[in-house]
Structures are given as structure tokens and as C-alpha cells.
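This report refers to the structure that appears directly beneath it.
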Amino acid sequence: MTTIDTTAITVELPEAFDPRWSRLPGIQVDGRRITIDPTQYFFRFESDTWLVADWELVKSQLLNVEETTESAVEQLALEFIKAHAKSTSDAAQVLATAYEVYAYLFRDEHLAGLGLSQFTADHLRMLREAATLMALNKVELDGRISNVGPCWFFPAATSVVFDLDDGTGGMLDEVYHGGWFNEHRRIESIKAHAALGGRLVHGCQSVPDQSGGVVAPYGASMTAFRDDLAAFKSGWIEQVYAHRVAPAA
């Protein structure tokens with residue numbers, strides 16, 4: 001049986017994260033430095049390897065490539081991953097790569113095109129932070145979900161950390177997976193997520209369903225993924241919400 005490395009994960013990112021992430025078990029934030037204890041942070045932690053590709057390479061060789069009638073964007077991403085992605089057991093590298101991916105996908109210039117007047121640059125920052133941590137989640141080719149952390153349950157985690165009401169948390173979640181409904185953003189997302197070795201997939205139908213998402217390898221069984229997710233999600237969502245801080249009287 002393979003032994004999983006549960007050594008603390010430490011990374012220093014270009015942007016200081018909100019210190020309230022420390023409300024969740026197993027994570028400490030000190031400015032730009034984030035430390036995660038896998039034994040406390042994850043609900044399930046069965047894999048300590050991830051697939052990543054160099055973000056600078058994604059930027060220079062993939063982001064500006066256009067699909068054609070002969071080669072769809074998904075095919076371009078898959079071919080890039082085959083050529084350039086490598087397995088790593090360095091979780092800090094995964095987080096650093098994810099930060100670059102989501103700094104790009106949730107950049108301020110998107111605000112004007114979202115059609116949500118109440119959505120601010122601060123909300124984009126929340127998305128960048130939560131999505132960066134989400135990158136440590138993992139699904140295997142057979143569809144089994146091997147790693148699950150609190151950020152799987154996006155509205156729950158962001159409500160705890162950022163003191164969001166359900167409506168605002170849901171709005172964040174809609175923008176997070178809004179690439180499904182906006183083809184320009186979907187194409188951007190497919191290309192950018194090649195840096196994390198796959199594509200972003202969601203288990204949810206809509207915000208109230210709160211089934212979360214993960215960057216899954218191309219070819220992963222979505223049937224097994226759906227069944228595994230259905231079996232565990234409700235109890236773990238409750239555990240995330242249990243860390244909400246009561247408002248001051």
C-alpha cells in the first residue's frame with residue numbers, strides 16, 4: 001500500500017490571502033504565506049501527486065491559439081497536456097500554478113462583461129483565493145475523487161471565510177462556473193486549466209445544489225465521479241458551515 005505524504009504544505013504566493021482562511025481547520029494564512037496541514041484540512045486525502053504544466057508555457061503556446069474546424073479547443077488543450085504536463089508531488093508548485101491560472105481567469109477586466117453590477121473587484125479576489133486552494137482537490141481517471149478539501153463546496157467555504165450571506169455566496173459560485181454559460185470564458189478556462197493538467201468539471205446543476213468542482217484529467221469517468229460525489233457531499237458541507245463565525249451582537 002502506498003504511503004501518502006502528509007507533511008505540511010507551505011507556499012508563498014504573489015498576493016496576500018485573507019487571514020480568515022484560518023477559520024477552516026488545517027490552514028494558516030500569514031500574508032502571502034499559506035500553510036496547510038493535510039491531515040486536518042482535507043476530508044479525503046488519498047493522493048499526493050498532481051499534474052501541472054508551466055504557466056509561462058501555457059501563456060506563450062496555448063492561450064492565443066485559436067481552434068479550427070479541424071482542431072477543437074479541447075483537443076488543443078489535451079495535446080498540450082500530453083506534450084508538456086508533468087506529475088509532481090510538490091503541492092506548493094500546484095498552488096503557485098493555480099494562483100497564476102486564476103489570477104488570469106478572474107482578472108479585473110472581466111468585471112465589465114459579467115453583467116452583475118453588484119459584483120466587485122473584491123469578489124474577484126475571493127474567487128482567486130478559493131479557486132487556488134481548490135486546485136489541491138483531485139479526481140482519478142477511474143472517476144474516484146481522491147482529494148476533497150473545504151473549497152470543493154465553494155459557497156460554503158467562501159461564506160465561512162468572507163462572512164458572505166447565501167445570496168452573495170451563490171453569486172460568487174455562479175461566476176466561478178459561469179464559463180459553462182459564456183463561451184468566450186469557457187474557451188479561456190479550457191486553455192488556462194491545461195496548466196493544472198485537465199479541465200474544470202462541476203458536479204452541480206445550479207447554485208443551490210452546491211456540488212462543487214475539480215480540475216479533472218481528460219478521460220476521467222464522469223459517471224463514477226457523479227456517484228462518488230453524491231455519496232459524500234451533504235455531511236461534509238455541514239462540517240464546512242459549522243465553522244461560520246456568528247456576527248457580533
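Letters for chains follow the order of the C-alpha cells (A, B, ...), residue numbers begin at 1 for each chain, and ligand numbers begin at 1 in the order shown.
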- [ ] Apply DSSP to the backbone of this structure and, from stretch 65-230 of chain A, keep only the residues in helix (DSSP H, G or I); write these as a VMD selection string.
- [x] chain A and resid 73 to 84 91 to 105 108 to 113 121 to 134 150 to 152 154 to 162 166 to 176 178 to 180 183 to 196 207 to 209 222 to 230
TODO: Do a neighbour search on A:Asp108 at 10 Å with only C-alpha atoms, toss out local chain neighbours closer than 3 positions, and write the hits as a PyMOL selection string.
DONE: chain A and resi 103-105+111-112+120-125
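The nearest approach to A:Phe162 among the residues A:Ala195, A:Met126, A:Ile81, A:Ala72, with only C-alpha atoms taken into account, belongs to A:Met126.
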Closest pair table for stretch 158-236 of chain A residues within 12 Å of stretch 17-27 of chain A, only C-alpha atoms, as a tab-separated table:
residue	atom	partner	partner_atom	distance
A:Thr158	CA	A:Trp21	CA	8.9
A:Ser159	CA	A:Trp21	CA	10.7
A:Val160	CA	A:Arg23	CA	7.4
A:Val161	CA	A:Arg20	CA	5.2
A:Phe162	CA	A:Arg20	CA	7.0
A:Asp163	CA	A:Arg20	CA	9.2
Open item on the list: One decimal, in Å: what's the spacing between atom CA of A:Leu114 and atom CA of A:Glu129?
Closed with: 18.9 Å
Open item on the list: Going by DSSP on the backbone, which residues of stretch 5-157 of chain A come out as strand (DSSP E or B)? List them as a PyMOL selection string.
Closed with: chain A and resi 9-12+27-30+33-36+44-45+50-52+86-88+138-139+145-148
